file start26.cif (mmCIF, C-alpha atoms and all ligand atoms)
data_input
#
loop_
_atom_site.label_atom_id
_atom_site.label_comp_id
_atom_site.auth_asym_id
_atom_site.auth_seq_id
_atom_site.Cartn_x
_atom_site.Cartn_y
_atom_site.Cartn_z
CA MET C 8 -150.74 180.94 11.57
CA GLU C 9 -148.75 182.64 8.97
CA LYS C 10 -146.14 184.83 10.36
CA VAL C 11 -142.51 185.40 9.99
CA ALA C 12 -140.59 182.59 11.54
CA GLN C 13 -137.65 183.69 13.52
CA ALA C 14 -135.66 181.61 15.90
CA LEU C 15 -136.89 178.08 15.77
CA LEU C 16 -136.40 176.58 19.15
CA LEU C 17 -135.94 178.99 21.97
CA SER C 18 -136.63 176.50 24.72
CA THR C 19 -136.47 179.24 27.24
CA LEU C 20 -137.76 178.24 30.59
CA ILE C 21 -139.10 181.17 32.50
CA ALA C 22 -141.49 181.92 35.28
CA THR C 23 -140.42 178.90 37.21
CA PRO C 24 -141.16 179.41 40.86
CA ALA C 25 -138.30 178.23 42.99
CA PHE C 26 -138.84 174.69 44.16
CA ARG C 27 -138.33 173.61 47.68
CA ALA C 28 -135.67 171.03 48.09
CA GLY C 29 -137.33 167.87 49.28
CA ALA C 30 -140.53 168.53 47.37
CA ALA C 31 -139.22 166.64 44.39
CA GLU C 32 -142.54 164.94 43.80
CA ILE C 33 -144.14 168.26 42.92
CA ARG C 34 -142.98 168.52 39.38
CA PRO C 35 -143.85 171.55 37.28
CA LEU C 36 -146.41 171.26 34.55
CA ARG C 37 -144.40 172.05 31.45
CA LEU C 38 -146.35 173.72 28.67
CA CYS C 39 -145.16 174.08 25.10
CA ALA C 40 -146.27 177.33 23.57
CA ASP C 41 -145.56 179.81 20.82
CA PRO C 42 -144.03 183.05 22.15
CA THR C 43 -145.74 185.27 19.55
CA ASN C 44 -149.12 183.83 18.76
CA LEU C 45 -151.84 185.98 20.29
CA PRO C 46 -154.65 185.45 21.06
CA PHE C 47 -153.35 181.97 21.96
CA SER C 48 -150.00 182.46 23.61
CA SER C 49 -147.30 184.99 24.09
CA ASP C 50 -144.18 185.41 26.21
CA ASP C 51 -145.42 188.82 27.36
CA PRO C 52 -146.42 188.21 30.99
CA ALA C 53 -148.88 191.10 30.79
CA ARG C 54 -150.79 189.32 28.04
CA PRO C 55 -150.01 185.62 28.12
CA GLY C 56 -152.81 184.53 25.80
CA LEU C 57 -155.72 182.21 26.00
CA TYR C 58 -153.96 178.86 25.90
CA LEU C 59 -151.32 179.85 28.42
CA GLU C 60 -153.91 181.18 30.82
CA ILE C 61 -155.85 177.94 30.50
CA GLY C 62 -152.65 176.02 31.23
CA GLN C 63 -152.06 178.21 34.26
CA LEU C 64 -155.57 177.54 35.55
CA ILE C 65 -155.08 173.82 35.22
CA ALA C 66 -151.68 173.86 36.89
CA ARG C 67 -153.08 175.82 39.80
CA LYS C 68 -155.85 173.26 40.21
CA LEU C 69 -153.31 170.45 40.10
CA GLU C 70 -151.16 172.38 42.59
CA ARG C 71 -148.19 172.27 40.30
CA PRO C 72 -146.04 175.21 39.17
CA VAL C 73 -145.92 175.99 35.45
CA THR C 74 -142.93 176.27 33.17
CA TYR C 75 -142.94 177.15 29.48
CA SER C 76 -141.01 175.76 26.60
CA TRP C 77 -141.25 178.26 23.77
CA TYR C 78 -141.41 177.07 20.23
CA LYS C 79 -142.79 178.68 17.13
CA SER C 80 -146.05 176.95 16.28
CA TYR C 81 -145.39 177.88 12.71
CA PHE C 82 -144.48 174.36 11.74
CA GLY C 83 -147.69 172.68 12.77
CA LYS C 84 -147.40 168.95 13.25
CA ARG C 85 -143.67 169.28 13.17
CA THR C 86 -143.83 171.48 16.24
CA VAL C 87 -145.80 168.85 18.11
CA ARG C 88 -143.29 166.22 17.07
CA GLU C 89 -140.30 168.28 18.15
CA THR C 90 -141.71 169.44 21.45
CA LEU C 91 -144.44 167.35 23.01
CA LEU C 92 -143.36 164.05 21.51
CA LYS C 93 -139.73 164.70 22.40
CA ARG C 94 -140.73 165.40 25.97
CA GLN C 95 -139.79 169.07 25.93
CA CYS C 96 -143.09 169.62 27.67
CA ASP C 97 -145.99 167.72 29.22
CA ALA C 98 -148.96 169.32 27.52
CA MET C 99 -150.02 171.55 24.67
CA VAL C 100 -153.25 173.49 25.03
CA GLY C 101 -155.40 174.02 21.96
CA LEU C 102 -154.71 171.10 19.67
CA PRO C 103 -157.54 170.10 17.34
CA GLU C 104 -159.15 166.95 18.58
CA VAL C 105 -159.69 165.33 15.21
CA ASP C 106 -158.97 161.79 14.11
CA ASP C 107 -156.21 162.55 11.69
CA PHE C 108 -154.29 164.80 14.02
CA MET C 109 -151.29 162.73 14.99
CA GLY C 110 -153.18 160.01 16.77
CA PRO C 111 -152.25 157.64 18.31
CA ALA C 112 -148.99 159.40 19.21
CA VAL C 113 -150.97 162.27 20.71
CA ILE C 114 -153.81 161.76 23.17
CA PHE C 115 -156.34 164.40 24.18
CA SER C 116 -158.20 165.73 27.17
CA LYS C 117 -161.91 166.33 26.94
CA PRO C 118 -162.62 169.20 24.55
CA ILE C 119 -162.26 172.68 26.02
CA ALA C 120 -163.83 174.66 23.18
CA ARG C 121 -164.86 174.61 19.57
CA GLU C 122 -162.90 176.65 17.08
CA GLY C 123 -163.32 177.21 13.40
CA TYR C 124 -164.00 179.71 10.66
CA ALA C 125 -166.10 182.84 10.78
CA LEU C 126 -167.61 185.37 8.39
CA VAL C 127 -166.31 188.81 9.22
CA SER C 128 -168.07 191.80 7.69
CA ALA C 129 -169.46 195.24 8.37
CA LYS C 130 -172.08 195.20 11.09
CA GLY C 131 -175.61 194.53 9.95
CA ARG C 132 -174.78 192.39 6.95
CA ASN C 133 -177.03 189.37 7.03
CA ILE C 134 -175.30 186.24 5.82
CA GLY C 135 -177.32 183.13 6.58
CA ASP C 136 -175.94 180.79 3.93
CA VAL C 137 -173.54 180.54 1.05
CA ASP C 138 -175.99 182.07 -1.44
CA ASP C 139 -175.94 185.31 0.52
CA LEU C 140 -172.33 185.73 -0.58
CA LYS C 141 -173.33 185.98 -4.24
CA GLY C 142 -171.83 188.98 -5.96
CA MET C 143 -169.53 189.68 -3.04
CA ARG C 144 -165.78 189.76 -2.79
CA VAL C 145 -164.77 187.28 -0.14
CA ALA C 146 -161.30 186.81 1.36
CA VAL C 147 -160.48 183.15 1.99
CA GLN C 148 -157.35 181.71 3.52
CA TYR C 149 -155.13 179.72 1.24
CA GLN C 150 -155.83 175.96 1.47
CA SER C 151 -158.61 176.39 3.99
CA THR C 152 -162.04 174.81 4.11
CA PRO C 153 -163.72 178.11 3.14
CA GLN C 154 -161.52 178.29 0.05
CA ASN C 155 -162.54 174.78 -0.94
CA LEU C 156 -166.14 175.46 -0.11
CA LEU C 157 -166.35 178.48 -2.40
CA ALA C 158 -164.05 177.12 -5.09
CA GLN C 159 -166.83 176.19 -7.46
CA ARG C 160 -169.00 179.23 -6.90
CA ASP C 161 -168.13 181.46 -9.83
CA GLU C 162 -170.62 184.11 -8.78
CA ILE C 163 -168.63 184.71 -5.59
CA GLU C 164 -165.37 186.56 -6.10
CA LYS C 165 -162.65 184.94 -4.03
CA VAL C 166 -159.52 186.73 -2.90
CA THR C 167 -156.91 184.37 -1.50
CA VAL C 168 -155.03 185.51 1.58
CA LEU C 169 -152.25 183.77 3.45
CA SER C 170 -153.38 184.69 6.93
CA PRO C 171 -156.41 185.91 8.88
CA ASP C 172 -154.50 189.16 9.47
CA GLU C 173 -154.28 189.73 5.74
CA GLY C 174 -158.01 189.01 5.38
CA MET C 175 -158.87 191.56 8.05
CA LYS C 176 -156.62 194.11 6.37
CA LEU C 177 -158.34 193.68 3.00
CA LEU C 178 -161.71 194.03 4.69
CA ASP C 179 -160.60 197.19 6.41
CA GLN C 180 -159.23 198.62 3.17
CA GLY C 181 -162.56 197.97 1.47
CA LYS C 182 -160.98 195.49 -0.92
CA VAL C 183 -163.31 192.67 0.12
CA ASP C 184 -166.85 192.65 1.51
CA VAL C 185 -166.44 189.63 3.73
CA ALA C 186 -163.48 187.80 5.20
CA PHE C 187 -164.14 184.09 5.70
CA ILE C 188 -161.25 183.37 8.01
CA TRP C 189 -160.12 181.68 11.19
CA ALA C 190 -162.48 182.84 13.91
CA PRO C 191 -160.29 183.13 17.03
CA VAL C 192 -157.76 185.34 15.28
CA ALA C 193 -160.51 187.38 13.61
CA GLY C 194 -162.12 187.96 16.99
CA TRP C 195 -158.86 188.89 18.60
CA LEU C 196 -157.89 191.35 15.84
CA ASN C 197 -161.37 192.83 15.81
CA LYS C 198 -161.01 193.52 19.50
CA ALA C 199 -157.34 194.46 19.73
CA ALA C 200 -156.79 196.28 16.43
CA TYR C 201 -160.14 197.34 14.96
CA GLY C 202 -162.12 198.55 17.95
CA GLU C 203 -164.83 195.87 17.56
CA LYS C 204 -165.82 197.49 14.31
CA TYR C 205 -166.81 194.29 12.54
CA GLN C 206 -169.42 191.64 13.06
CA ILE C 207 -168.20 188.09 13.34
CA ARG C 208 -170.48 185.16 12.63
CA THR C 209 -169.03 181.75 13.32
CA THR C 210 -169.94 178.97 10.93
CA ALA C 211 -170.69 175.29 11.34
CA GLY C 212 -170.32 172.51 8.82
CA GLU C 213 -167.79 169.90 7.81
CA GLY C 214 -164.28 171.22 8.29
CA LEU C 215 -165.56 174.61 9.43
CA VAL C 216 -165.49 173.92 13.14
CA TRP C 217 -163.72 171.39 15.32
CA PRO C 218 -163.21 170.69 19.01
CA THR C 219 -159.94 171.79 20.58
CA ALA C 220 -158.45 170.05 23.55
CA ILE C 221 -155.24 169.68 25.49
CA GLY C 222 -152.78 167.30 23.87
CA PHE C 223 -150.34 164.95 25.60
CA ALA C 224 -147.85 162.35 24.47
CA LYS C 225 -149.54 158.97 24.44
CA ALA C 226 -147.71 157.67 27.50
CA SER C 227 -149.07 160.53 29.64
CA THR C 228 -152.40 158.91 30.39
CA GLY C 229 -152.04 159.66 34.12
CA LEU C 230 -151.66 163.38 33.54
CA ARG C 231 -154.45 163.34 30.96
CA ASP C 232 -156.78 161.71 33.50
CA ASP C 233 -155.80 164.25 36.18
CA VAL C 234 -156.54 167.09 33.79
CA ASN C 235 -159.86 165.59 32.78
CA LEU C 236 -160.83 165.42 36.44
CA VAL C 237 -160.27 169.14 37.02
CA LEU C 238 -161.57 170.44 33.68
CA PRO C 239 -165.29 170.52 34.52
CA SER C 240 -164.67 172.81 37.48
CA LEU C 241 -162.67 175.14 35.24
CA GLN C 242 -164.94 175.28 32.22
CA GLU C 243 -166.67 178.48 33.25
CA ASP C 244 -163.33 180.25 33.70
CA ILE C 245 -162.13 178.85 30.41
CA ASP C 246 -165.18 180.25 28.62
CA LYS C 247 -164.48 183.62 30.21
CA LEU C 248 -160.94 183.54 28.91
CA PHE C 249 -162.15 182.95 25.36
CA ALA C 250 -164.39 186.00 25.74
CA LYS C 251 -161.55 188.04 27.22
CA TYR C 252 -159.47 187.47 24.10
CA GLY C 253 -162.36 188.34 21.82
CA VAL C 254 -162.99 184.84 20.52
CA PRO C 255 -166.55 184.80 19.20
CA SER C 256 -169.04 182.51 20.89
CA ASP C 257 -172.22 183.24 18.93
CA VAL C 258 -174.47 180.51 17.61
CA PRO C 259 -172.83 179.33 14.39
CA VAL C 260 -174.45 179.71 10.98
CA LYS C 261 -174.81 176.30 9.38
CA PHE C 262 -172.70 176.81 6.33
CA GLY C 263 -171.04 173.75 4.97
CA GLU C 264 -173.87 172.10 3.13
CA LEU C 265 -173.48 173.08 -0.46
CA GLY C 266 -173.36 170.21 -2.90
CA GLY C 267 -170.71 169.01 -5.28
CA PRO C 268 -168.58 166.02 -4.37
CA THR C 269 -165.41 168.09 -4.43
CA ALA C 270 -166.85 171.05 -2.62
CA ILE C 271 -165.05 170.10 0.55
CA ALA C 272 -161.87 168.63 -0.74
CA ASP C 273 -159.79 169.20 2.31
CA ALA C 274 -162.05 169.19 5.31
CA GLY C 275 -160.49 169.58 8.68
CA PRO C 276 -158.67 172.31 10.44
CA SER C 277 -156.00 173.99 8.43
CA GLU C 278 -154.96 176.39 11.16
CA PRO C 279 -152.73 176.46 12.95
CA VAL C 280 -151.64 172.93 13.19
CA THR C 281 -151.81 171.36 9.77
CA VAL C 282 -148.89 171.62 7.46
CA GLY C 283 -148.44 170.34 3.93
CA GLN C 284 -150.47 167.19 3.56
CA SER C 285 -147.58 165.01 2.60
CA ALA C 286 -145.59 165.91 5.68
CA GLY C 287 -146.51 162.51 7.06
CA ASP C 288 -144.41 161.38 9.91
CA SER C 289 -141.15 162.56 8.55
CA LYS C 290 -138.39 163.52 10.90
CA PRO C 291 -136.76 166.63 9.50
CA SER C 292 -134.22 166.69 12.31
CA GLU C 293 -132.69 163.50 11.00
CA ILE C 294 -132.00 164.86 7.56
CA LYS C 295 -128.39 164.38 6.55
CA ALA C 296 -127.32 166.46 3.66
CA THR C 297 -124.86 165.25 1.11
CA ALA C 298 -122.46 167.44 -0.80
CA SER C 299 -124.54 167.61 -3.94
CA GLY C 300 -127.85 167.67 -2.14
CA ASP C 301 -130.30 164.98 -1.22
CA ILE C 302 -133.45 165.23 -3.31
CA SER C 303 -135.69 163.15 -1.11
CA ALA C 304 -134.55 164.92 2.05
CA GLY C 305 -135.20 168.20 0.26
CA ARG C 306 -138.65 167.13 -0.74
CA GLU C 307 -139.41 166.02 2.78
CA LEU C 308 -138.32 169.33 4.26
CA PHE C 309 -140.17 171.20 1.55
CA ASN C 310 -143.43 169.37 2.16
CA GLY C 311 -143.10 169.66 5.90
CA THR C 312 -142.36 173.37 5.97
CA CYS C 313 -142.73 175.18 2.68
CA GLY C 314 -145.63 173.19 1.23
CA HIS C 315 -147.91 174.89 3.71
CA CYS C 316 -147.78 177.97 1.48
CA HIS C 317 -146.20 176.77 -1.75
CA GLY C 318 -148.29 173.61 -2.08
CA PRO C 319 -147.43 169.96 -1.48
CA ASP C 320 -144.68 168.93 -3.93
CA ALA C 321 -144.70 172.60 -4.99
CA VAL C 322 -147.93 172.13 -6.92
CA GLN C 323 -149.55 175.51 -6.64
CA ALA C 324 -152.26 177.15 -8.73
CA GLU C 325 -151.42 180.63 -7.48
CA LYS C 326 -148.73 181.73 -9.94
CA ARG C 327 -147.04 184.23 -7.68
CA ILE C 328 -145.96 181.50 -5.28
CA ASN C 329 -145.61 178.63 -7.72
CA LEU C 330 -142.00 177.57 -7.28
CA ARG C 331 -142.19 175.23 -10.28
CA LEU C 332 -142.07 178.36 -12.41
CA MET C 333 -138.76 179.61 -11.06
CA LYS C 334 -136.65 178.29 -13.93
CA LYS C 335 -139.02 179.88 -16.43
CA ARG C 336 -139.08 183.07 -14.46
CA TYR C 337 -135.40 183.52 -13.69
CA GLY C 338 -133.47 181.22 -16.02
CA SER C 339 -129.86 181.07 -14.89
CA ASP C 340 -130.62 183.43 -12.00
CA MET C 341 -132.83 180.86 -10.39
CA GLU C 342 -130.22 179.72 -7.87
CA ALA C 343 -129.22 183.21 -6.85
CA THR C 344 -132.85 184.23 -6.44
CA TYR C 345 -133.52 181.11 -4.42
CA TRP C 346 -130.70 181.77 -1.96
CA LYS C 347 -131.48 185.45 -1.55
CA THR C 348 -135.19 184.83 -1.01
CA VAL C 349 -134.81 181.84 1.24
CA HIS C 350 -132.10 183.39 3.41
CA ASP C 351 -133.65 186.81 3.87
CA GLY C 352 -137.28 186.16 3.06
CA ARG C 353 -139.59 188.83 1.70
CA PRO C 354 -141.24 189.68 4.97
CA SER C 355 -143.50 192.36 3.56
CA LYS C 356 -144.86 189.85 1.04
CA GLY C 357 -145.42 186.99 3.46
CA MET C 358 -142.30 184.94 2.71
CA PRO C 359 -140.41 184.20 5.94
CA ALA C 360 -136.62 184.25 6.24
CA TRP C 361 -135.17 180.79 6.81
CA LYS C 362 -131.50 181.30 7.44
CA GLU C 363 -131.92 181.17 11.21
CA VAL C 364 -134.05 178.08 10.90
CA TYR C 365 -132.22 175.76 8.53
CA GLY C 366 -128.62 175.29 7.61
CA ASP C 367 -127.47 175.76 4.04
CA ASP C 368 -127.09 172.01 3.65
CA GLU C 369 -130.77 171.53 4.33
CA LEU C 370 -131.75 174.48 2.15
CA ARG C 371 -129.55 173.15 -0.64
CA ASN C 372 -131.46 169.88 -0.52
CA VAL C 373 -134.65 171.84 -1.05
CA LEU C 374 -133.12 173.70 -3.99
CA VAL C 375 -131.96 170.46 -5.55
CA TYR C 376 -135.41 169.02 -5.09
CA LEU C 377 -137.05 172.10 -6.61
CA GLN C 378 -134.75 171.84 -9.61
CA THR C 379 -136.20 168.40 -10.32
CA VAL C 380 -139.76 169.70 -10.51
CA GLN C 381 -139.36 172.80 -12.67
CA ASP C 382 -141.80 173.29 -15.51
CA ALA C 383 -139.97 173.08 -18.81
CA ALA C 384 -138.49 176.48 -19.52
CA ASP C 385 -139.13 176.14 -23.25
CA GLY C 386 -142.85 176.00 -22.75
CA SER C 387 -143.20 172.38 -23.89
CA ASN C 388 -144.83 171.61 -20.59
C1 LIG E 401 -146.07 181.61 5.08
C2 LIG E 401 -146.04 181.20 3.73
C3 LIG E 401 -144.71 180.76 3.16
C4 LIG E 401 -143.87 179.74 3.56
C5 LIG E 401 -144.08 178.81 4.74
C6 LIG E 401 -142.80 179.70 2.65
N1 LIG E 401 -142.95 180.66 1.70
FE1 LIG E 401 -141.74 181.00 0.13
N2 LIG E 401 -142.90 182.55 -0.43
C7 LIG E 401 -144.07 182.94 0.16
C8 LIG E 401 -144.64 184.05 -0.58
C9 LIG E 401 -145.95 184.75 -0.26
C10 LIG E 401 -143.75 184.32 -1.64
C11 LIG E 401 -143.92 185.37 -2.73
C12 LIG E 401 -143.31 186.66 -2.31
C13 LIG E 401 -143.46 187.68 -3.41
O1 LIG E 401 -144.58 187.92 -3.83
O2 LIG E 401 -142.43 188.20 -3.83
C14 LIG E 401 -142.68 183.35 -1.52
C15 LIG E 401 -141.60 183.31 -2.39
C16 LIG E 401 -140.64 182.32 -2.37
C17 LIG E 401 -139.56 182.22 -3.34
C18 LIG E 401 -139.33 183.14 -4.52
C19 LIG E 401 -140.21 182.70 -5.66
C20 LIG E 401 -140.08 183.56 -6.88
O3 LIG E 401 -140.51 183.06 -7.94
O4 LIG E 401 -139.61 184.69 -6.81
C21 LIG E 401 -138.84 181.13 -2.98
C22 LIG E 401 -137.61 180.59 -3.70
C23 LIG E 401 -139.45 180.53 -1.81
N3 LIG E 401 -140.54 181.30 -1.46
C24 LIG E 401 -138.98 179.42 -1.17
C25 LIG E 401 -139.53 178.92 0.00
C26 LIG E 401 -138.97 177.82 0.71
C27 LIG E 401 -137.78 176.99 0.27
C28 LIG E 401 -139.73 177.65 1.82
C29 LIG E 401 -139.56 176.63 2.92
C30 LIG E 401 -138.27 176.60 3.56
C31 LIG E 401 -140.78 178.65 1.78
N4 LIG E 401 -140.60 179.41 0.67
C32 LIG E 401 -141.77 178.79 2.72
C33 LIG E 401 -144.64 182.38 1.27
C34 LIG E 401 -144.11 181.33 1.99
#

call {"tool": "encode", "arguments": {"input": "start26.cif", "output": "structure tokens"}}
result
Amino acid sequence: MEKVAQALLLSTLIATPAFRAGAAEIRPLRLCADPTNLPFSSDDPARPGLYLEIGQLIARKLERPVTYSWYKSYFGKRTVRETLLKRQCDAMVGLPEVDDFMGPAVIFSKPIAREGYALVSAKGRNIGDVDDLKGMRVAVQYQSTPQNLLAQRDEIEKVTVLSPDEGMKLLDQGKVDVAFIWAPVAGWLNKAAYGEKYQIRTTAGEGLVWPTAIGFAKASTGLRDDVNLVLPSLQEDIDKLFAKYGVPSDVPVKFGELGGPTAIADAGPSEPVTVGQSAGDSKPSEIKATASGDISAGRELFNGTCGHCHGPDAVQAEKRINLRLMKKRYGSDMEATYWKTVHDGRPSKGMPAWKEVYGDDELRNVLVYLQTVQDAADGSN
């Protein structure tokens, strides 16, 4: 989910019931979760979020206490690598159970739900397939399946947004007719912020919906099997939790069938766990900066973190966030603009601040990398 990234790794362990000495075999179930990611998780005990409540249900069934390791889920696969795979926690609720999601390093429980994209609009609008969107203004999330799906439909006016929140806002301001955005967040916002004003139709089709499950590090087969054993008895409560947080559970509209070989260029979940496609299995924590800057380390960090919005290798059709145009745009002020923007962000415009997240050595690597991919300032390119 797009949001301003603040502290990276808080690792705060709270809510740990005191353990009896001598009961060492009862180890807590340690969950990794994002402290500010409703409807999924939050560090507000009054409203812990869907995934945390599911984790709590499971722990209770397993007769184990719960502890939390907080980490911003902002970084997608990187988060999983830094938390679950480094044994900061035992389980992460709500990972997409799809083939290309970090298998075989991550193993999954049985699915707990299906999540995907939904069409949000004024009540009473009847949208049964893509053609019904003709002539409408439709908000789509940047680099999402809906964006790819509608890319070649000139008769549908697309408005790119960087988050479901932004899509809901445009809908509410009357700037779009439909928001084709991530369903759980749409449902939650509709309930929590918009008084259930909008209708939400979930969609089905390639890359529009996927099963979510509980993820474990691959060695945790014992825990995975224990969880699988208790899941069936919890499914009804889990479904209730989804409803409690406003997540839509209607019968999906079959939506992903329009033709064109490139219509679905990037199928698969793009929220909240997928980062720039070239992130690969890089290990940003091992980056060592050199004095002048390490281009390949910079590229790796860029693709793992910034490429999510600015495009892999900074290739980006949306001019406003195309960082290959910085030299053209700012000339000799490029460096100064880079440092100011990257340190402080432009929170109101959707650019997070990074100075609490990365050191200047790492950020310099990114700058040095970006300098190697600038479009020619003289227009010859
Ligand atoms: C959540 C999406 C998002 C992420 C992630 C992100 N940015 Fe941005 N960034 C933006 C947006 C949106 C803008 C444009 C803000 C505006 O309109 O002024 C921007 C602007 C910038 C600019 C100024 C560009 C210009 O031409 O003025 C720089 C430099 C930049 N980002 C660098 C980075 C770097 C480096 C990272 C990774 C460490 C990063 N960004 C990660 C969304 C993001």

call {"tool": "atom_distance", "arguments": {"input": "start26.cif", "atom1": "CA of Ala129 in chain C", "atom2": "CA of Ala158 in chain C"}}
result
23.2 Å

call {"tool": "closest_atom_pairs", "arguments": {"input": "start26.cif", "of": "chain C", "to": "ligand LIG 401 (chain E)", "cutoff": "9 Å", "atoms": "all atoms listed in the file", "output": "JSON lines"}}
result
{"residue": "C:Met8", "atom": "CA", "partner": "E:LIG401", "partner_atom": "C1", "distance": 8.0}
{"residue": "C:Glu9", "atom": "CA", "partner": "E:LIG401", "partner_atom": "C1", "distance": 4.8}
{"residue": "C:Lys10", "atom": "CA", "partner": "E:LIG401", "partner_atom": "C1", "distance": 6.2}
{"residue": "C:Val11", "atom": "CA", "partner": "E:LIG401", "partner_atom": "C1", "distance": 7.2}
{"residue": "C:Ala12", "atom": "CA", "partner": "E:LIG401", "partner_atom": "C5", "distance": 8.5}
{"residue": "C:Tyr81", "atom": "CA", "partner": "E:LIG401", "partner_atom": "C5", "distance": 8.1}
{"residue": "C:Phe82", "atom": "CA", "partner": "E:LIG401", "partner_atom": "C5", "distance": 8.3}
{"residue": "C:Leu169", "atom": "CA", "partner": "E:LIG401", "partner_atom": "C2", "distance": 6.7}
{"residue": "C:Ser170", "atom": "CA", "partner": "E:LIG401", "partner_atom": "C1", "distance": 8.1}
{"residue": "C:Leu308", "atom": "CA", "partner": "E:LIG401", "partner_atom": "C30", "distance": 7.3}
{"residue": "C:Phe309", "atom": "CA", "partner": "E:LIG401", "partner_atom": "C29", "distance": 5.6}
{"residue": "C:Asn310", "atom": "CA", "partner": "E:LIG401", "partner_atom": "C29", "distance": 8.3}
{"residue": "C:Gly311", "atom": "CA", "partner": "E:LIG401", "partner_atom": "C29", "distance": 8.4}
{"residue": "C:Thr312", "atom": "CA", "partner": "E:LIG401", "partner_atom": "C29", "distance": 5.3}
{"residue": "C:Cys313", "atom": "CA", "partner": "E:LIG401", "partner_atom": "C29", "distance": 3.5}
{"residue": "C:Gly314", "atom": "CA", "partner": "E:LIG401", "partner_atom": "C5", "distance": 6.8}
{"residue": "C:His315", "atom": "CA", "partner": "E:LIG401", "partner_atom": "C5", "distance": 5.6}
{"residue": "C:Cys316", "atom": "CA", "partner": "E:LIG401", "partner_atom": "C2", "distance": 4.3}
{"residue": "C:His317", "atom": "CA", "partner": "E:LIG401", "partner_atom": "N1", "distance": 6.1}
{"residue": "C:Lys326", "atom": "CA", "partner": "E:LIG401", "partner_atom": "O3", "distance": 8.6}
{"residue": "C:Arg327", "atom": "CA", "partner": "E:LIG401", "partner_atom": "O1", "distance": 5.9}
{"residue": "C:Ile328", "atom": "CA", "partner": "E:LIG401", "partner_atom": "C11", "distance": 5.1}
{"residue": "C:Asn329", "atom": "CA", "partner": "E:LIG401", "partner_atom": "O3", "distance": 6.8}
{"residue": "C:Leu330", "atom": "CA", "partner": "E:LIG401", "partner_atom": "C19", "distance": 5.7}
{"residue": "C:Arg331", "atom": "CA", "partner": "E:LIG401", "partner_atom": "O3", "distance": 8.3}
{"residue": "C:Leu332", "atom": "CA", "partner": "E:LIG401", "partner_atom": "O3", "distance": 6.7}
{"residue": "C:Met333", "atom": "CA", "partner": "E:LIG401", "partner_atom": "O3", "distance": 5.0}
{"residue": "C:Lys334", "atom": "CA", "partner": "E:LIG401", "partner_atom": "O3", "distance": 8.6}
{"residue": "C:Arg336", "atom": "CA", "partner": "E:LIG401", "partner_atom": "O3", "distance": 6.7}
{"residue": "C:Tyr337", "atom": "CA", "partner": "E:LIG401", "partner_atom": "O3", "distance": 7.7}
{"residue": "C:Met341", "atom": "CA", "partner": "E:LIG401", "partner_atom": "C22", "distance": 8.2}
{"residue": "C:Glu342", "atom": "CA", "partner": "E:LIG401", "partner_atom": "C22", "distance": 8.5}
{"residue": "C:Thr344", "atom": "CA", "partner": "E:LIG401", "partner_atom": "C22", "distance": 6.6}
{"residue": "C:Tyr345", "atom": "CA", "partner": "E:LIG401", "partner_atom": "C22", "distance": 4.2}
{"residue": "C:Trp346", "atom": "CA", "partner": "E:LIG401", "partner_atom": "C22", "distance": 7.2}
{"residue": "C:Lys347", "atom": "CA", "partner": "E:LIG401", "partner_atom": "C22", "distance": 8.1}
{"residue": "C:Thr348", "atom": "CA", "partner": "E:LIG401", "partner_atom": "C21", "distance": 5.6}
{"residue": "C:Val349", "atom": "CA", "partner": "E:LIG401", "partner_atom": "C24", "distance": 5.4}
{"residue": "C:Gly352", "atom": "CA", "partner": "E:LIG401", "partner_atom": "N3", "distance": 7.4}
{"residue": "C:Arg353", "atom": "CA", "partner": "E:LIG401", "partner_atom": "C12", "distance": 5.9}
{"residue": "C:Pro354", "atom": "CA", "partner": "E:LIG401", "partner_atom": "C12", "distance": 8.1}
{"residue": "C:Ser355", "atom": "CA", "partner": "E:LIG401", "partner_atom": "C12", "distance": 8.2}
{"residue": "C:Lys356", "atom": "CA", "partner": "E:LIG401", "partner_atom": "C12", "distance": 4.9}
{"residue": "C:Gly357", "atom": "CA", "partner": "E:LIG401", "partner_atom": "C9", "distance": 4.4}
{"residue": "C:Met358", "atom": "CA", "partner": "E:LIG401", "partner_atom": "C7", "distance": 3.7}
{"residue": "C:Pro359", "atom": "CA", "partner": "E:LIG401", "partner_atom": "C6", "distance": 6.1}
{"residue": "C:Ala360", "atom": "CA", "partner": "E:LIG401", "partner_atom": "C30", "distance": 8.3}
{"residue": "C:Trp361", "atom": "CA", "partner": "E:LIG401", "partner_atom": "C30", "distance": 6.1}
{"residue": "C:Val364", "atom": "CA", "partner": "E:LIG401", "partner_atom": "C30", "distance": 8.6}
{"residue": "C:Tyr365", "atom": "CA", "partner": "E:LIG401", "partner_atom": "C30", "distance": 7.9}
{"residue": "C:Leu370", "atom": "CA", "partner": "E:LIG401", "partner_atom": "C27", "distance": 6.8}
{"residue": "C:Val373", "atom": "CA", "partner": "E:LIG401", "partner_atom": "C27", "distance": 6.2}
{"residue": "C:Leu374", "atom": "CA", "partner": "E:LIG401", "partner_atom": "C27", "distance": 7.1}
{"residue": "C:Leu377", "atom": "CA", "partner": "E:LIG401", "partner_atom": "C27", "distance": 8.5}

call {"tool": "axis_aligned_box", "arguments": {"input": "start26.cif", "around": "range 111-119 of chain C", "padding_each_side": "6 Å", "output": "lines of an AutoDock Vina configuration file"}}
result
center_x = -155.8
center_y = 165.2
center_z = 22.7
size_x = 25.6
size_y = 27.0
size_z = 20.9

call {"tool": "closest_residue", "arguments": {"input": "start26.cif", "among": "C:Glu122, C:Asp232, C:Asp367, C:Asp138", "to": "Pro218 in chain C", "atoms": "only C-alpha atoms"}}
result
C:Glu122
